[in-house]
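Q: Could you have a look at this structure, given as structure tokens, before my questions?
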Amino acid sequence: MRFSRFFLPVLREEPKEAEIVSHKLMLRAGLISQQASGLYAWLPLGYKVLRKVQAIIEQEQDRSGAVELLMPTLQSADLWRESGRYDDYGKEMLRIVDRHERDLLYGPTNEEMITSIFRSYVRSYKDLPLNLYHVQWKFRDEIRPRFGTMRSREFLMKDAYSFDLDKERAVEAYNRMFVAYLRTFRRMGLTAIPMQAETGPIGGDLSHEFIVLAETGESAVYCHADLLDKPVPGPDIDFRGDLTPIVDDWTSLYAATEDMVDLAEFERTVPADKRISARGIEVGQTFYFGDKYSAPMKATVTGPEGQEIAVHSGSYGIGLTRVVPAVIEAGHDENGIVWPVSVAPFEAILISLKVGDGECDAACERLYNSLRTAGIDVIYDDRAQGAGAKFATADLIGIPYQLIVGPRGLKEGKVEIKHRKDGTRETVGIEEALKRLLELIVPARLETI
RNA sequence: CGGGGCAUAGCUCAGUCUGGUAGAGCACUGGUUUUGGGAACCAGGGGUCGCAAGUUCGAAUCUUGUUGCCCCGACCA
């Protein structure tokens with residue numbers, strides 16, 4: 001992508017409506033644009049990040065055995081009357097009437113619809129286990145939207161729904177999602193800690209919130225410090241095997257949100273120097289809720305002895321439009337965003353220090369072409385601007401590697417690579433630049449897996 | 001929904017108290033010189049001061065209403 005042809009409206013001033021750093025940076029770096037309270041347009045740079053986040057989530061969901069589909073945003077009220085939630089959900093649910101006076105709603109979640117799909121097609125226990133998920137926009141008419149896309153009214157969520165014959169197998173499904181979540185967040189450069197959580201209106205009795213520690217988080221959380229350094233299962237993890245030891249290992253150390261915390265137990269089970277009492281951002285939540293929906297909605301299968309069994313289910317959500325600000329809260333400095341390579345909108349930025357200089361232009365064009373050919377997601381800053389402005393922009397939008405090309409270096413056949421993360425620079429021969437960037441970027445694409 | 005605040009150029013803001021011809025910086029347009037850490041100079045364009053009513057000879061400024069946005073609480077991916 002050539003910068004001069006891209007649409008990247010960066011702001012030099014701090015937007016007055018933003019309070020927290022991620023919201024400020026998302027506006028300043030041209031990731032999002034507010035259209036109304038709690039409603040945001042994703043500008044090209046932000047949309048690239050969102051899609052990279054989505055790709056990682058999909059890879060890890062698929063790896064765990066879940067199957068992707070796509071359900072509509074609008075749902076029939078009748079479906080929700082079946083589960084009893086049409087009346088329970090309250091004003092948070094956006095209710096719509098169509099031209100035939102039929103009651104519709106903009107889905108805040110999809111338990112009812114997925115249960116309806118499930119019961120239409122699945123008849124036998126032999127078709128289980130099944131885990132279906134989608135990534136779709138949701139709407140919840142929050143009383144007070146805030147912090148940009150951290151708490152917006154319309155938001156993009158991955159929601160998965162598992163169906164199993166009994167509780168034991170449902171917990172196995174729960175564990176698969178639990179491990180998939182550990183991997184998913186780690187791949188985005190996040191340290192997300194699973195914590196005991198309330199189940200809220202979704203219902204059920206087993207639930208974890210995946211929390212990223214951040215001062216700007218909306219929940220107070222309490223956990224054991226060792227959870228921060230606990231290794232995450234690698235890509236070779238066998239999701240068909242027994243994951244109980246991993247889940248037990250993670251849940252053996254105390255971790256709970258303010259709604260669930262038992263301070264006496266926290267202090268009894270965690271040594272004083274290991275107690276973390278902090279704030280966190282909830283980026284995902286897992287629930288097991290048994291037959292809460294399958295029983296009233298008659299989602300049953302025929303069991304091995306011919307009996308009708310209401311399936312045991314769980315649901316598992318990740319807020320994509322919340323993950324993006326969470327990544328920024330976890331990775332930024334005074335100059336702007338510091339993206340991990342895995343979700344960076346571009347992996348590298350090619351900065352020409354002297355646009356219009358024949359030799360410099362030629363070298364940049366050559367590098368740009370070879371980088372693209374090698375599969376590096378690169379943006380080429382070909383604007384006729386001073387170097388200062390270009391560096392400031394590159395830092396603000398947080399591109400992990402800056403390839404800096406200027407006439408002075410070119411005289412000696414050298415270019416420079418600057419690492420956004422720690423500001424280190426290395427000078428390499430122009431012919432070595434591509435190889436060096438590949439060395440840096442390719443392993444980082446898998447980010448700490 | 002309760003409490004607080006803001007609304008003037010694309011952005012950040014001054015001007016409002018004390019009514020009298022609409023301002024700055026950045027951004028934008030044209031030109032010249034520039035280009036190694038947010039370039040300089042010259043010349044320009046751009047605002048029915050959120051909206052509506054009222055008071056007044058005269059309203060960005062005073063009054064009332066209204067809408068939008070932000071912050072604090074309850075809700076949540």
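FYI, nothing fancy with the structure tokens labels: chains A, B, ... in order, residues from 1 per chain, ligands from 1 as they appear.
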With a distance threshold of 8 Å and counting only C-alpha atoms (C1' of nucleotides), extract the residues of chain A near chain B and express them as number ranges by chain.
A: A: 11-15, 17, 37, 142-143, 155, 157, 282-285, 317-320, 322, 353-355, 384-392, 406, 408
Q: Please provide as a VMD selection string all residues within 10 Å of C13 in chain B, with the sequence filter that same-chain residues fewer than 5 positions apart are discarded (counting only C-alpha atoms (C1' of nucleotides)).
A: chain B and resid 8 24 to 25
Q: Report, in Å with one decimal, the straight-line distance from CA of Met177 in chain A to CA of Pro296 in chain A.
A: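 Separation of CA of Met177 in chain A and CA of Pro296 in chain A: 24.9 Å.
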Q: Can you tell me, as an MDAnalysis selection string, what residues are no more than 10 Å from C62 in chain B when counting only C-alpha atoms (C1' of nucleotides), ignoring any on the same chain fewer than 4 positions away?
A: chainID B and resid 16 19 55:56
Q: As a count of residues only, please: all residues of range 45-109 of chain A that backbone DSSP puts in alpha helix (DSSP H).
A: 30
Q: Could you please write out, as a tab-separated table (two decimals) with N, CA, C and O atoms, in the first residue's frame, every residue of range 124-373 of chain A that DSSP assigns to strand (DSSP E or B)?
A:
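As a result, part08.tsv now contains:
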```tsv
chain	number	residue	atom	x	y	z
A	124	SER	N	-29.27	-36.98	16.51
A	124	SER	CA	-28.65	-38.13	17.17
A	124	SER	C	-27.46	-37.72	18.03
A	124	SER	O	-26.73	-36.78	17.70
A	130	LEU	N	-20.70	-30.96	19.15
A	130	LEU	CA	-20.75	-29.96	18.11
A	130	LEU	C	-20.52	-28.59	18.73
A	130	LEU	O	-21.06	-28.29	19.80
A	131	ASN	N	-19.70	-27.80	18.06
A	131	ASN	CA	-19.48	-26.43	18.52
A	131	ASN	C	-19.55	-25.52	17.30
A	131	ASN	O	-18.75	-25.65	16.37
A	132	LEU	N	-20.55	-24.67	17.29
A	132	LEU	CA	-20.76	-23.75	16.16
A	132	LEU	C	-20.48	-22.33	16.62
A	132	LEU	O	-20.88	-21.95	17.73
A	133	TYR	N	-19.80	-21.57	15.76
A	133	TYR	CA	-19.53	-20.18	16.16
A	133	TYR	C	-19.67	-19.26	14.97
A	133	TYR	O	-19.65	-19.68	13.81
A	134	HIS	N	-19.83	-18.00	15.28
A	134	HIS	CA	-19.78	-16.98	14.24
A	134	HIS	C	-19.16	-15.70	14.79
A	134	HIS	O	-18.98	-15.54	15.99
A	135	VAL	N	-18.81	-14.84	13.87
A	135	VAL	CA	-18.29	-13.51	14.21
A	135	VAL	C	-19.27	-12.54	13.58
A	135	VAL	O	-19.38	-12.46	12.36
A	136	GLN	N	-20.03	-11.86	14.41
A	136	GLN	CA	-21.10	-11.02	13.87
A	136	GLN	C	-21.32	-9.80	14.76
A	136	GLN	O	-21.01	-9.83	15.96
A	137	TRP	N	-21.85	-8.76	14.17
A	137	TRP	CA	-22.14	-7.54	14.95
A	137	TRP	C	-23.32	-7.77	15.89
A	137	TRP	O	-24.29	-8.44	15.54
A	138	LYS	N	-23.17	-7.23	17.06
A	138	LYS	CA	-24.20	-7.32	18.09
A	138	LYS	C	-24.60	-5.91	18.45
A	138	LYS	O	-23.85	-4.96	18.24
A	139	PHE	N	-25.78	-5.77	19.05
A	139	PHE	CA	-26.17	-4.46	19.55
A	139	PHE	C	-26.73	-4.62	20.95
A	139	PHE	O	-27.61	-5.44	21.18
A	146	ARG	N	-18.93	4.03	26.56
A	146	ARG	CA	-17.77	4.88	26.87
A	146	ARG	C	-16.48	4.21	26.44
A	146	ARG	O	-16.47	3.04	26.08
A	151	ARG	N	-16.49	-0.01	25.17
A	151	ARG	CA	-17.88	-0.26	25.52
A	151	ARG	C	-18.75	0.52	24.56
A	151	ARG	O	-19.19	1.62	24.84
A	154	GLU	N	-22.91	-0.90	19.42
A	154	GLU	CA	-22.77	-1.92	18.39
A	154	GLU	C	-21.35	-2.45	18.50
A	154	GLU	O	-20.40	-1.66	18.54
A	155	PHE	N	-21.18	-3.74	18.56
A	155	PHE	CA	-19.84	-4.29	18.72
A	155	PHE	C	-19.74	-5.62	18.00
A	155	PHE	O	-20.75	-6.30	17.77
A	156	LEU	N	-18.52	-5.97	17.62
A	156	LEU	CA	-18.30	-7.22	16.90
A	156	LEU	C	-17.89	-8.29	17.90
A	156	LEU	O	-16.94	-8.08	18.66
A	157	MET	N	-18.59	-9.40	17.89
A	157	MET	CA	-18.31	-10.45	18.85
A	157	MET	C	-18.19	-11.80	18.16
A	157	MET	O	-18.94	-12.09	17.23
A	158	LYS	N	-17.24	-12.59	18.63
A	158	LYS	CA	-17.19	-13.99	18.26
A	158	LYS	C	-17.98	-14.72	19.33
A	158	LYS	O	-17.67	-14.59	20.52
A	159	ASP	N	-19.00	-15.45	18.94
A	159	ASP	CA	-19.72	-16.24	19.93
A	159	ASP	C	-19.84	-17.68	19.44
A	159	ASP	O	-20.27	-17.93	18.32
A	160	ALA	N	-19.40	-18.57	20.32
A	160	ALA	CA	-19.41	-20.01	20.01
A	160	ALA	C	-20.40	-20.69	20.94
A	160	ALA	O	-20.63	-20.23	22.07
A	161	TYR	N	-21.01	-21.77	20.45
A	161	TYR	CA	-22.02	-22.49	21.22
A	161	TYR	C	-21.74	-23.97	21.12
A	161	TYR	O	-21.68	-24.52	20.02
A	162	SER	N	-21.57	-24.61	22.27
A	162	SER	CA	-21.25	-26.04	22.25
A	162	SER	C	-22.48	-26.86	22.63
A	162	SER	O	-23.33	-26.41	23.41
A	163	PHE	N	-22.57	-28.06	22.04
A	163	PHE	CA	-23.69	-28.97	22.29
A	163	PHE	C	-23.14	-30.34	22.61
A	163	PHE	O	-22.37	-30.90	21.82
A	164	ASP	N	-23.52	-30.87	23.77
A	164	ASP	CA	-23.03	-32.17	24.18
A	164	ASP	C	-24.13	-32.98	24.85
A	164	ASP	O	-25.14	-32.44	25.28
A	192	ALA	N	-4.05	-12.69	29.11
A	192	ALA	CA	-5.44	-12.72	29.58
A	192	ALA	C	-5.57	-13.82	30.62
A	192	ALA	O	-5.23	-14.97	30.36
A	193	ILE	N	-6.05	-13.45	31.79
A	193	ILE	CA	-6.14	-14.40	32.89
A	193	ILE	C	-7.59	-14.83	33.08
A	193	ILE	O	-8.47	-13.99	33.24
A	194	PRO	N	-7.82	-16.15	33.05
A	194	PRO	CA	-9.19	-16.61	33.29
A	194	PRO	C	-9.52	-16.48	34.78
A	194	PRO	O	-8.75	-16.90	35.63
A	195	MET	N	-10.67	-15.87	35.05
A	195	MET	CA	-11.07	-15.66	36.43
A	195	MET	C	-12.50	-16.14	36.63
A	195	MET	O	-13.33	-16.01	35.73
A	196	GLN	N	-12.76	-16.64	37.83
A	196	GLN	CA	-14.13	-17.05	38.16
A	196	GLN	C	-15.05	-15.86	37.94
A	196	GLN	O	-14.72	-14.76	38.35
A	206	LEU	N	-20.99	-22.44	35.57
A	206	LEU	CA	-19.54	-22.51	35.40
A	206	LEU	C	-19.17	-21.42	34.41
A	206	LEU	O	-19.70	-21.39	33.30
A	207	SER	N	-18.32	-20.53	34.84
A	207	SER	CA	-18.01	-19.40	33.95
A	207	SER	C	-16.67	-18.77	34.31
A	207	SER	O	-16.31	-18.69	35.47
A	208	HIS	N	-15.96	-18.36	33.27
A	208	HIS	CA	-14.72	-17.61	33.49
A	208	HIS	C	-14.72	-16.37	32.61
A	208	HIS	O	-15.16	-16.42	31.45
A	209	GLU	N	-14.23	-15.29	33.19
A	209	GLU	CA	-13.96	-14.11	32.39
A	209	GLU	C	-12.47	-14.10	32.11
A	209	GLU	O	-11.67	-14.36	33.00
A	210	PHE	N	-12.11	-13.79	30.88
A	210	PHE	CA	-10.70	-13.65	30.53
A	210	PHE	C	-10.36	-12.18	30.60
A	210	PHE	O	-10.90	-11.37	29.88
A	211	ILE	N	-9.45	-11.89	31.53
A	211	ILE	CA	-9.18	-10.51	31.91
A	211	ILE	C	-7.76	-10.11	31.54
A	211	ILE	O	-6.80	-10.81	31.86
A	212	VAL	N	-7.64	-8.96	30.87
A	212	VAL	CA	-6.33	-8.37	30.60
A	212	VAL	C	-6.13	-7.28	31.64
A	212	VAL	O	-6.96	-6.38	31.77
A	213	LEU	N	-5.05	-7.37	32.40
A	213	LEU	CA	-4.81	-6.36	33.42
A	213	LEU	C	-4.49	-5.02	32.76
A	213	LEU	O	-3.67	-4.94	31.86
A	219	SER	N	-13.25	-3.51	35.50
A	219	SER	CA	-13.53	-4.37	36.65
A	219	SER	C	-12.33	-4.42	37.58
A	219	SER	O	-11.18	-4.41	37.15
A	220	ALA	N	-12.63	-4.50	38.87
A	220	ALA	CA	-11.58	-4.76	39.85
A	220	ALA	C	-11.38	-6.27	39.90
A	220	ALA	O	-12.36	-7.02	39.89
A	221	VAL	N	-10.13	-6.70	39.92
A	221	VAL	CA	-9.87	-8.14	39.91
A	221	VAL	C	-8.81	-8.50	40.95
A	221	VAL	O	-8.01	-7.66	41.35
A	222	TYR	N	-8.83	-9.77	41.35
A	222	TYR	CA	-7.92	-10.27	42.37
A	222	TYR	C	-7.34	-11.58	41.88
A	222	TYR	O	-8.09	-12.49	41.51
A	223	CYS	N	-6.01	-11.68	41.85
A	223	CYS	CA	-5.46	-12.95	41.38
A	223	CYS	C	-4.05	-13.20	41.90
A	223	CYS	O	-3.42	-12.32	42.47
A	224	HIS	N	-3.60	-14.42	41.67
A	224	HIS	CA	-2.27	-14.87	42.04
A	224	HIS	C	-1.29	-14.41	40.97
A	224	HIS	O	-1.53	-14.60	39.78
A	255	ALA	N	-8.10	-16.57	41.26
A	255	ALA	CA	-8.35	-15.44	40.35
A	255	ALA	C	-9.85	-15.22	40.28
A	255	ALA	O	-10.60	-16.13	39.93
A	256	ALA	N	-10.29	-14.01	40.64
A	256	ALA	CA	-11.71	-13.72	40.59
A	256	ALA	C	-11.96	-12.24	40.36
A	256	ALA	O	-11.12	-11.40	40.71
A	257	THR	N	-13.09	-11.96	39.75
A	257	THR	CA	-13.47	-10.56	39.56
A	257	THR	C	-14.19	-10.07	40.80
A	257	THR	O	-14.53	-10.86	41.69
A	275	ARG	N	-0.12	-11.56	45.87
A	275	ARG	CA	-1.49	-11.08	45.67
A	275	ARG	C	-1.51	-9.90	44.70
A	275	ARG	O	-0.87	-8.89	44.95
A	276	ILE	N	-2.27	-10.05	43.66
A	276	ILE	CA	-2.47	-8.93	42.75
A	276	ILE	C	-3.90	-8.47	42.88
A	276	ILE	O	-4.84	-9.24	42.72
A	277	SER	N	-4.03	-7.19	43.21
A	277	SER	CA	-5.35	-6.57	43.27
A	277	SER	C	-5.27	-5.42	42.28
A	277	SER	O	-4.54	-4.46	42.50
A	278	ALA	N	-5.97	-5.56	41.18
A	278	ALA	CA	-5.75	-4.61	40.09
A	278	ALA	C	-7.05	-4.40	39.33
A	278	ALA	O	-8.12	-4.85	39.75
A	279	ARG	N	-6.94	-3.69	38.22
A	279	ARG	CA	-8.10	-3.51	37.36
A	279	ARG	C	-7.85	-4.24	36.05
A	279	ARG	O	-6.71	-4.46	35.65
A	280	GLY	N	-8.96	-4.65	35.41
A	280	GLY	CA	-8.78	-5.44	34.21
A	280	GLY	C	-9.87	-5.20	33.17
A	280	GLY	O	-10.95	-4.70	33.49
A	281	ILE	N	-9.54	-5.56	31.95
A	281	ILE	CA	-10.48	-5.46	30.83
A	281	ILE	C	-10.94	-6.87	30.50
A	281	ILE	O	-10.11	-7.76	30.27
A	282	GLU	N	-12.24	-7.05	30.45
A	282	GLU	CA	-12.78	-8.37	30.12
A	282	GLU	C	-12.84	-8.52	28.60
A	282	GLU	O	-13.62	-7.85	27.94
A	283	VAL	N	-11.99	-9.38	28.07
A	283	VAL	CA	-11.95	-9.54	26.61
A	283	VAL	C	-12.72	-10.77	26.15
A	283	VAL	O	-13.00	-10.93	24.96
A	284	GLY	N	-13.04	-11.65	27.08
A	284	GLY	CA	-13.79	-12.84	26.69
A	284	GLY	C	-14.46	-13.46	27.90
A	284	GLY	O	-14.08	-13.18	29.04
A	285	GLN	N	-15.47	-14.27	27.64
A	285	GLN	CA	-16.11	-14.98	28.75
A	285	GLN	C	-16.62	-16.33	28.25
A	285	GLN	O	-17.10	-16.46	27.12
A	286	THR	N	-16.47	-17.32	29.12
A	286	THR	CA	-16.96	-18.66	28.79
A	286	THR	C	-18.03	-19.04	29.79
A	286	THR	O	-17.93	-18.71	30.98
A	287	PHE	N	-19.07	-19.72	29.31
A	287	PHE	CA	-20.17	-20.14	30.18
A	287	PHE	C	-20.52	-21.59	29.90
A	287	PHE	O	-20.55	-22.01	28.74
A	288	TYR	N	-20.82	-22.32	30.94
A	288	TYR	CA	-21.53	-23.59	30.78
A	288	TYR	C	-22.89	-23.36	31.38
A	288	TYR	O	-23.00	-22.91	32.53
A	289	PHE	N	-23.96	-23.63	30.63
A	289	PHE	CA	-25.29	-23.39	31.20
A	289	PHE	C	-26.24	-24.57	31.05
A	289	PHE	O	-27.46	-24.43	31.22
A	290	GLY	N	-25.69	-25.76	30.74
A	290	GLY	CA	-26.52	-26.96	30.76
A	290	GLY	C	-27.66	-26.90	29.77
A	290	GLY	O	-27.46	-26.59	28.60
A	300	THR	N	-33.25	-31.43	21.48
A	300	THR	CA	-32.93	-32.74	22.03
A	300	THR	C	-32.32	-33.63	20.97
A	300	THR	O	-32.49	-33.41	19.78
A	301	VAL	N	-31.59	-34.64	21.42
A	301	VAL	CA	-31.09	-35.67	20.52
A	301	VAL	C	-31.53	-37.03	21.08
A	301	VAL	O	-31.86	-37.14	22.26
A	302	THR	N	-31.51	-38.01	20.21
A	302	THR	CA	-31.80	-39.36	20.65
A	302	THR	C	-30.51	-39.98	21.17
A	302	THR	O	-29.49	-39.98	20.49
A	308	GLU	N	-34.89	-39.45	24.59
A	308	GLU	CA	-34.73	-38.05	24.18
A	308	GLU	C	-33.94	-37.32	25.26
A	308	GLU	O	-34.34	-37.32	26.42
A	309	ILE	N	-32.86	-36.68	24.88
A	309	ILE	CA	-32.02	-35.99	25.85
A	309	ILE	C	-31.85	-34.53	25.44
A	309	ILE	O	-31.45	-34.25	24.32
A	310	ALA	N	-32.17	-33.62	26.35
A	310	ALA	CA	-31.90	-32.20	26.09
A	310	ALA	C	-30.39	-31.99	26.18
A	310	ALA	O	-29.76	-32.43	27.15
A	312	HIS	N	-26.61	-30.50	26.56
A	312	HIS	CA	-25.92	-29.61	27.49
A	312	HIS	C	-25.07	-28.64	26.69
A	312	HIS	O	-24.29	-29.05	25.84
A	313	SER	N	-25.24	-27.36	27.00
A	313	SER	CA	-24.59	-26.35	26.17
A	313	SER	C	-23.75	-25.37	26.96
A	313	SER	O	-23.89	-25.24	28.18
A	314	GLY	N	-22.92	-24.68	26.22
A	314	GLY	CA	-22.15	-23.57	26.77
A	314	GLY	C	-22.03	-22.52	25.69
A	314	GLY	O	-22.25	-22.80	24.51
A	315	SER	N	-21.73	-21.30	26.09
A	315	SER	CA	-21.45	-20.28	25.08
A	315	SER	C	-20.18	-19.56	25.46
A	315	SER	O	-19.81	-19.50	26.64
A	316	TYR	N	-19.51	-19.05	24.43
A	316	TYR	CA	-18.14	-18.57	24.61
A	316	TYR	C	-17.94	-17.33	23.75
A	316	TYR	O	-18.01	-17.42	22.51
A	317	GLY	N	-17.73	-16.20	24.38
A	317	GLY	CA	-17.66	-14.96	23.62
A	317	GLY	C	-16.31	-14.28	23.69
A	317	GLY	O	-15.61	-14.34	24.69
A	318	ILE	N	-15.95	-13.63	22.58
A	318	ILE	CA	-14.79	-12.73	22.58
A	318	ILE	C	-15.24	-11.44	21.89
A	318	ILE	O	-15.77	-11.49	20.78
A	319	GLY	N	-15.03	-10.32	22.56
A	319	GLY	CA	-15.40	-9.05	21.96
A	319	GLY	C	-14.26	-8.49	21.12
A	319	GLY	O	-13.31	-7.94	21.65
A	332	HIS	N	1.65	0.52	24.20
A	332	HIS	CA	1.75	1.88	23.67
A	332	HIS	C	2.85	2.59	24.44
A	332	HIS	O	3.30	2.13	25.49
A	333	ASP	N	3.33	3.72	23.92
A	333	ASP	CA	4.23	4.57	24.68
A	333	ASP	C	3.86	6.02	24.38
A	333	ASP	O	2.80	6.27	23.80
A	336	GLY	N	2.89	6.78	20.70
A	336	GLY	CA	1.75	6.18	20.02
A	336	GLY	C	1.60	4.70	20.32
A	336	GLY	O	2.06	4.20	21.35
A	337	ILE	N	0.95	4.02	19.38
A	337	ILE	CA	0.64	2.60	19.56
A	337	ILE	C	1.89	1.76	19.30
A	337	ILE	O	2.74	2.14	18.49
A	348	ALA	N	5.37	-3.65	8.27
A	348	ALA	CA	6.52	-2.77	8.10
A	348	ALA	C	6.09	-1.51	7.37
A	348	ALA	O	5.10	-1.50	6.65
A	349	ILE	N	6.83	-0.44	7.63
A	349	ILE	CA	6.60	0.80	6.89
A	349	ILE	C	7.91	1.21	6.24
A	349	ILE	O	8.96	1.22	6.90
A	350	LEU	N	7.83	1.45	4.96
A	350	LEU	CA	9.01	1.86	4.20
A	350	LEU	C	8.98	3.38	4.13
A	350	LEU	O	8.05	3.97	3.60
A	351	ILE	N	9.99	4.00	4.74
A	351	ILE	CA	10.00	5.46	4.83
A	351	ILE	C	11.07	6.04	3.91
A	351	ILE	O	12.25	5.78	4.09
A	352	SER	N	10.61	6.80	2.93
A	352	SER	CA	11.55	7.48	2.04
A	352	SER	C	11.87	8.84	2.64
A	352	SER	O	10.98	9.64	2.90
```
Q: Skipping near chain neighbours, those fewer than 5 positions away, what residues fall within 12 Å of Gly90 in chain A using only C-alpha atoms (C1' of nucleotides), listed as a list in words?
A: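 Listing them by chain and then by number gives Gly84, Arg85, Arg95, Leu105, Pro108, Arg140, Asp141, Glu142, Ile143 and Pro201 of chain A; C75 of chain B.
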Q: Filtering to N, CA, C and O atoms (P, O5', C5', C4', C3', O3' and C1' of nucleotides), could you give me those residues as a PDB file, in the first residue's frame?
A:
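Writing the result to out_13.pdb gives the following:
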```pdb
ATOM      1  N   GLY A  84     -37.987 -17.334  26.842  1.00  0.00           N
ATOM      2  CA  GLY A  84     -38.426 -16.476  27.935  1.00  0.00           C
ATOM      3  C   GLY A  84     -37.587 -15.220  28.080  1.00  0.00           C
ATOM      4  O   GLY A  84     -37.829 -14.402  28.968  1.00  0.00           O
ATOM      5  N   ARG A  85     -36.599 -15.054  27.191  1.00  0.00           N
ATOM      6  CA  ARG A  85     -35.713 -13.908  27.379  1.00  0.00           C
ATOM      7  C   ARG A  85     -36.222 -12.619  26.723  1.00  0.00           C
ATOM      8  O   ARG A  85     -35.652 -11.548  26.944  1.00  0.00           O
ATOM      9  N   ARG A  95     -35.379  -3.275  20.036  1.00  0.00           N
ATOM     10  CA  ARG A  95     -36.539  -3.942  19.454  1.00  0.00           C
ATOM     11  C   ARG A  95     -37.005  -3.159  18.240  1.00  0.00           C
ATOM     12  O   ARG A  95     -37.059  -1.933  18.263  1.00  0.00           O
ATOM     13  N   LEU A 105     -35.733  -8.087  16.620  1.00  0.00           N
ATOM     14  CA  LEU A 105     -34.767  -7.481  17.527  1.00  0.00           C
ATOM     15  C   LEU A 105     -33.391  -7.576  16.883  1.00  0.00           C
ATOM     16  O   LEU A 105     -33.143  -8.447  16.058  1.00  0.00           O
ATOM     17  N   PRO A 108     -28.478  -9.223  20.574  1.00  0.00           N
ATOM     18  CA  PRO A 108     -27.428  -8.925  21.539  1.00  0.00           C
ATOM     19  C   PRO A 108     -26.557 -10.156  21.787  1.00  0.00           C
ATOM     20  O   PRO A 108     -25.475 -10.056  22.353  1.00  0.00           O
ATOM     21  N   ARG A 140     -26.171  -3.875  21.855  1.00  0.00           N
ATOM     22  CA  ARG A 140     -26.734  -3.799  23.201  1.00  0.00           C
ATOM     23  C   ARG A 140     -26.827  -2.320  23.528  1.00  0.00           C
ATOM     24  O   ARG A 140     -25.830  -1.606  23.499  1.00  0.00           O
ATOM     25  N   ASP A 141     -28.025  -1.886  23.828  1.00  0.00           N
ATOM     26  CA  ASP A 141     -28.254  -0.460  24.041  1.00  0.00           C
ATOM     27  C   ASP A 141     -27.779  -0.078  25.426  1.00  0.00           C
ATOM     28  O   ASP A 141     -28.572   0.161  26.333  1.00  0.00           O
ATOM     29  N   GLU A 142     -26.466  -0.029  25.564  1.00  0.00           N
ATOM     30  CA  GLU A 142     -25.837   0.274  26.846  1.00  0.00           C
ATOM     31  C   GLU A 142     -26.357   1.594  27.395  1.00  0.00           C
ATOM     32  O   GLU A 142     -26.535   2.562  26.657  1.00  0.00           O
ATOM     33  N   ILE A 143     -26.525   1.618  28.701  1.00  0.00           N
ATOM     34  CA  ILE A 143     -26.955   2.845  29.360  1.00  0.00           C
ATOM     35  C   ILE A 143     -25.922   3.939  29.113  1.00  0.00           C
ATOM     36  O   ILE A 143     -26.255   5.061  28.765  1.00  0.00           O
ATOM     37  N   PRO A 201     -27.058 -12.668  32.875  1.00  0.00           N
ATOM     38  CA  PRO A 201     -28.315 -13.059  32.219  1.00  0.00           C
ATOM     39  C   PRO A 201     -28.173 -14.271  31.294  1.00  0.00           C
ATOM     40  O   PRO A 201     -29.169 -14.862  30.904  1.00  0.00           O
TER      41      PRO A 201
ATOM     42  P     C B  75     -24.781  -3.593  38.068  1.00  0.00           P
ATOM     43  O5'   C B  75     -25.264  -3.480  36.555  1.00  0.00           O
ATOM     44  C5'   C B  75     -26.492  -4.056  36.133  1.00  0.00           C
ATOM     45  C4'   C B  75     -26.580  -4.005  34.634  1.00  0.00           C
ATOM     46  C3'   C B  75     -25.550  -4.863  33.896  1.00  0.00           C
ATOM     47  O3'   C B  75     -25.977  -6.204  33.743  1.00  0.00           O
ATOM     48  C1'   C B  75     -25.569  -2.683  32.975  1.00  0.00           C
TER      49        C B  75
END
```
Q: Provide the CA of Val405 in chain A to CA of Pro345 in chain A distance in Å, to one decimal place.
A: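 So the answer is 21.0 Å.
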